[in-house]
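Below you'll find the structure, written out as structure tokens, and then a few comments.
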Amino acid sequence: TWIRQKPDAPPMMPGFLPIIGHSHLLIGDRKHLWKYIKYFTLTSLKYGGTLEIWFGLKRHYVLTDPDDCLKLANTCYSKSYIYDFAKDFINNGLITADAATWKVNRKLLNPAFNQQVLDTFINEMNIQARNVVSNLKNELENESFDVLRHIVSFTLSTVSRTSLGLTDEDQKIIDTDYAAAIDSIFALYCDRFQKVWLHLNFIFNWSEIKRKQDRLLKILHNIMIPLIAKRKSELSTKREPTYYEDRPGKFKPILDQMLQMASDHGVFSDEDIREHLDTLVAASYDTTSSAMTHMLLAIATYPEIQNKIYNEIQEVLQNKDDDFTKHDLQKLVYLEAVMKESLRLHSATPLIGRNIDVDVKLKNCTIRANSTSIIGVYALHRHPLWGPDANEFKPERWLDPSISSLLEKPALFAAFGIGKRNCIGKTYSMLMMKIVLAHIVRQYHISGDIHKVVCEFDIVLKPVSGHHIGLKLRS
Ligand code: HEM
């Protein structure tokens, strides 16, 4: 099968070896993995947008043509076998669900992320952003410090407040034990991806990694299941959690919305709810933290861009120290352009995997059923269609009227996925990131250098060094 290529097959990635395919190129640490991902996605672009690559006995296609990526994403809804690694954890949650279950669940969950619901979260997001700004004061005496840790804590608090409605006490468990277990479980999935023999369940089930996974799952379940039970019992006695009492701007956490759907329409079991909540926290916390850290570093690197953001904030709030309302946020168009440009060049999810269920005819070739596609977001965001300055950080491109004709190819900007199975939390995360960035820039001058950042691939892109920033209080 490997050797007899059909005439309309795409080119093969250089470095193929019998039996192991290209797996030998994955060997190395996760920094190496990230370098290799950049290399093979850019090679696909160079070869016309599709490239065949083999990990062990599994055929993959790397896609980097925007039209082909969109066609694939809206033809094949099932996720690649790599997502199955997380099935023991989040099973029928949106990220890992099979296509039929996903369709039903996505329809049920979409309303929890509509604009009206998200608007009710703005107050809580402002509160969490002010907490970060206040915590950052302790870093003023340091020349530079690791900002990722502050951003992770902001993201976790915001997501778990708005999705779980936690009290301060329960929040601490999420910030520490739950976050540590999620980090370890992601690292473990990445390990399994690199060690292709562990893709086979019968080998994996006997491995030390499996035993470690079971221990981590126990920790995660022991945290999430009691939280859901507690809230369910609170709701059955109509008692609101304590944090509602002293805070203006009430909102209904996503957990409450799901519990209500369960009691009104009988749609979710407690286990379904656990899987959805674990999915939301897992899907949001690493992606948003990575994206926001890169955004802060980009702002730190270009002082003229930082000044423009600051001036825009001053114009919108007329020099007041108020919280940002939804109307203020809509006016921060330059800040939004900076965020999108950062997501383009430093996408937290540089790859998206799908299972190819049927033969799919692309522009220049056909990709075969029962294989895996890898949508190369990293290369899509550097596609020649972006222009000769595709590798430069230029937020202004998002304000240029010609951007709308460029984005008529919807897969050209794929930071939040492509097609119908895209990120359900896209608007949510843009909102939360905009609020915290606006609060930080309003208060501090930020210094740092994004060119020094070193990343590794840990399912999402993770900055591991060079991401320190310095702060000075604005007068
Ligand atoms: C900057 C932040 C974020 C980025 C870059 C991002 C990126 C993505 C991408 C690329 C996908 C598609 C993955 C795939 O097809 O394999 C996705 C899916 C998803 N994201 Fe996000 N995401 C972010 C934030 C969030 C947040 C804050 C939430 C939840 C509150 C969230 C929840 C989800 C869920 C549940 C899915 C699966 C959707 C489905 O299959 O229907 N994400 N995200």
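Residues are named by chain letter and number: chains run A, B, ... in the order of the structure tokens, numbers start at 1 in each chain, and ligands are numbered from 1 in the order shown.
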Worksheet item: Neighbours of Asn307 (chain A) within 10 Å (only C-alpha atoms; same-chain residues fewer than 5 positions away dropped), as a list in words?
Response: Ile299, Tyr302, Glu312, Ile313, Val441 and His445 of chain A
Worksheet item: Can you tell me, as a VMD selection string, what residues are no more than 7 Å from region 289-293 of chain A when counting only C-alpha atoms, ignoring any on the same chain fewer than 3 positions away?
Response: chain A and resid 148 151 to 152 155 285 to 286 296 to 297 343 347 to 348 433 461 to 463
Would you mind exporting N, CA and C atoms of the selected residues as a short mmCIF file (atom, residue, chain, number, x, y, z; two decimals), in the first residue's frame?
data_model
loop_
_atom_site.label_atom_id
_atom_site.label_comp_id
_atom_site.auth_asym_id
_atom_site.auth_seq_id
_atom_site.Cartn_x
_atom_site.Cartn_y
_atom_site.Cartn_z
N LEU A 148 3.67 33.95 32.50
CA LEU A 148 2.76 32.84 32.18
C LEU A 148 1.97 32.39 33.41
N ILE A 151 -0.92 34.57 34.06
CA ILE A 151 -1.93 34.42 33.02
C ILE A 151 -2.69 33.09 33.20
N VAL A 152 -1.95 32.04 33.54
CA VAL A 152 -2.59 30.74 33.77
C VAL A 152 -3.60 30.87 34.91
N THR A 155 -6.66 32.76 33.75
CA THR A 155 -7.50 31.98 32.85
C THR A 155 -8.30 30.93 33.62
N TYR A 285 -7.82 26.35 29.01
CA TYR A 285 -6.82 26.95 29.87
C TYR A 285 -5.43 27.03 29.25
N ASP A 286 -5.00 25.97 28.61
CA ASP A 286 -3.69 26.01 27.97
C ASP A 286 -3.68 26.91 26.73
N LEU A 296 0.89 39.43 25.06
CA LEU A 296 1.58 40.37 25.96
C LEU A 296 3.01 40.61 25.50
N LEU A 297 3.66 39.53 25.06
CA LEU A 297 5.05 39.69 24.60
C LEU A 297 5.13 40.50 23.32
N LEU A 343 -2.45 35.98 17.22
CA LEU A 343 -2.98 34.62 17.02
C LEU A 343 -2.56 34.06 15.67
N SER A 347 -0.10 30.95 16.77
CA SER A 347 -1.32 30.21 17.06
C SER A 347 -1.06 29.14 18.13
N ALA A 348 -1.92 29.13 19.15
CA ALA A 348 -1.74 28.17 20.24
C ALA A 348 -1.98 26.74 19.76
N MET A 433 -9.64 37.67 26.88
CA MET A 433 -8.27 38.14 26.63
C MET A 433 -8.26 39.66 26.44
N LEU A 461 0.78 24.93 21.77
CA LEU A 461 2.10 25.56 21.77
C LEU A 461 2.34 26.19 23.13
N LYS A 462 3.48 25.86 23.76
CA LYS A 462 3.73 26.36 25.11
C LYS A 462 5.04 27.12 25.17
N PRO A 463 5.03 28.39 25.62
CA PRO A 463 6.31 29.08 25.80
C PRO A 463 7.04 28.49 27.00
#
Discussion item. Let me see if you get this right: every residue at most 7 Å from ligand 1, counting only C-alpha atoms and all ligand atoms, written as JSON, numbers by chain.
Written reply: {"A": [79, 94, 95, 102, 106, 159, 279, 280, 281, 283, 284, 285, 287, 288, 291, 347, 348, 349, 352, 353, 414, 415, 416, 417, 421, 422, 423, 424, 425, 426, 428, 429, 430]}
Discussion item. Env of region 358-374 of chain A: 10 Å cut, atoms = only C-alpha atoms, seq-sep filter 3 positions within chain, self excluded. Answer as number ranges by chain.
Written reply: A: 6-11, 41, 48-54, 58-65, 67-69, 71-73, 75-76, 79-82, 350-355, 377
Practice prompt. Using only C-alpha atoms, pick whichever of A:Leu26, A:Ile435, A:Ile185, A:Ala112 has the shortest atom-to-atom distance to Met339 (chain A).
Written response: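 Looking only at the distances to Met339 (chain A), the closest residue turns out to be A:Ile435.
CA of Asn91 (chain A) lies 16.1 Å from CA of Lys210 (chain A).
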Response to the item:
Closest of A:Asp88, A:Gln194, A:Leu70, A:Ile228 to His24 (chain A), counting only C-alpha atoms, is A:Gln194
Worksheet item: For Gly56 (chain A), which of A:Lys308, A:His199, A:Lys35, A:Lys107 is the closest residue, counting only C-alpha atoms?
Response: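 Counting only C-alpha atoms, the residue closest to Gly56 (chain A) is A:His199.
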Fill in: Distance query Val133 (chain A) at most 10 Å, only C-alpha atoms, self and fewer than 2 positions along chain excluded, as a PyMOL selection string
chain A and resi 128-131+135-138+150+436-437+439-444
Item to complete: Write out as a PyMOL selection string all residues of region 105-285 of chain A that DSSP puts in helix (DSSP H, G or I) for this structure's backbone.
Response: chain A and resi 105-113+115-139+148-164+168-194+196-199+201-204+208-236+242-244+254-265+270-285
Practice prompt. Can you work out which one of A:Asp146, A:Asp389, A:Asp272, A:Asp278 has the shortest atom-to-atom distance to Asn222 (chain A), counting only C-alpha atoms?
Written response: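 Answer, going by the shortest atom-to-atom distance: A:Asp278.
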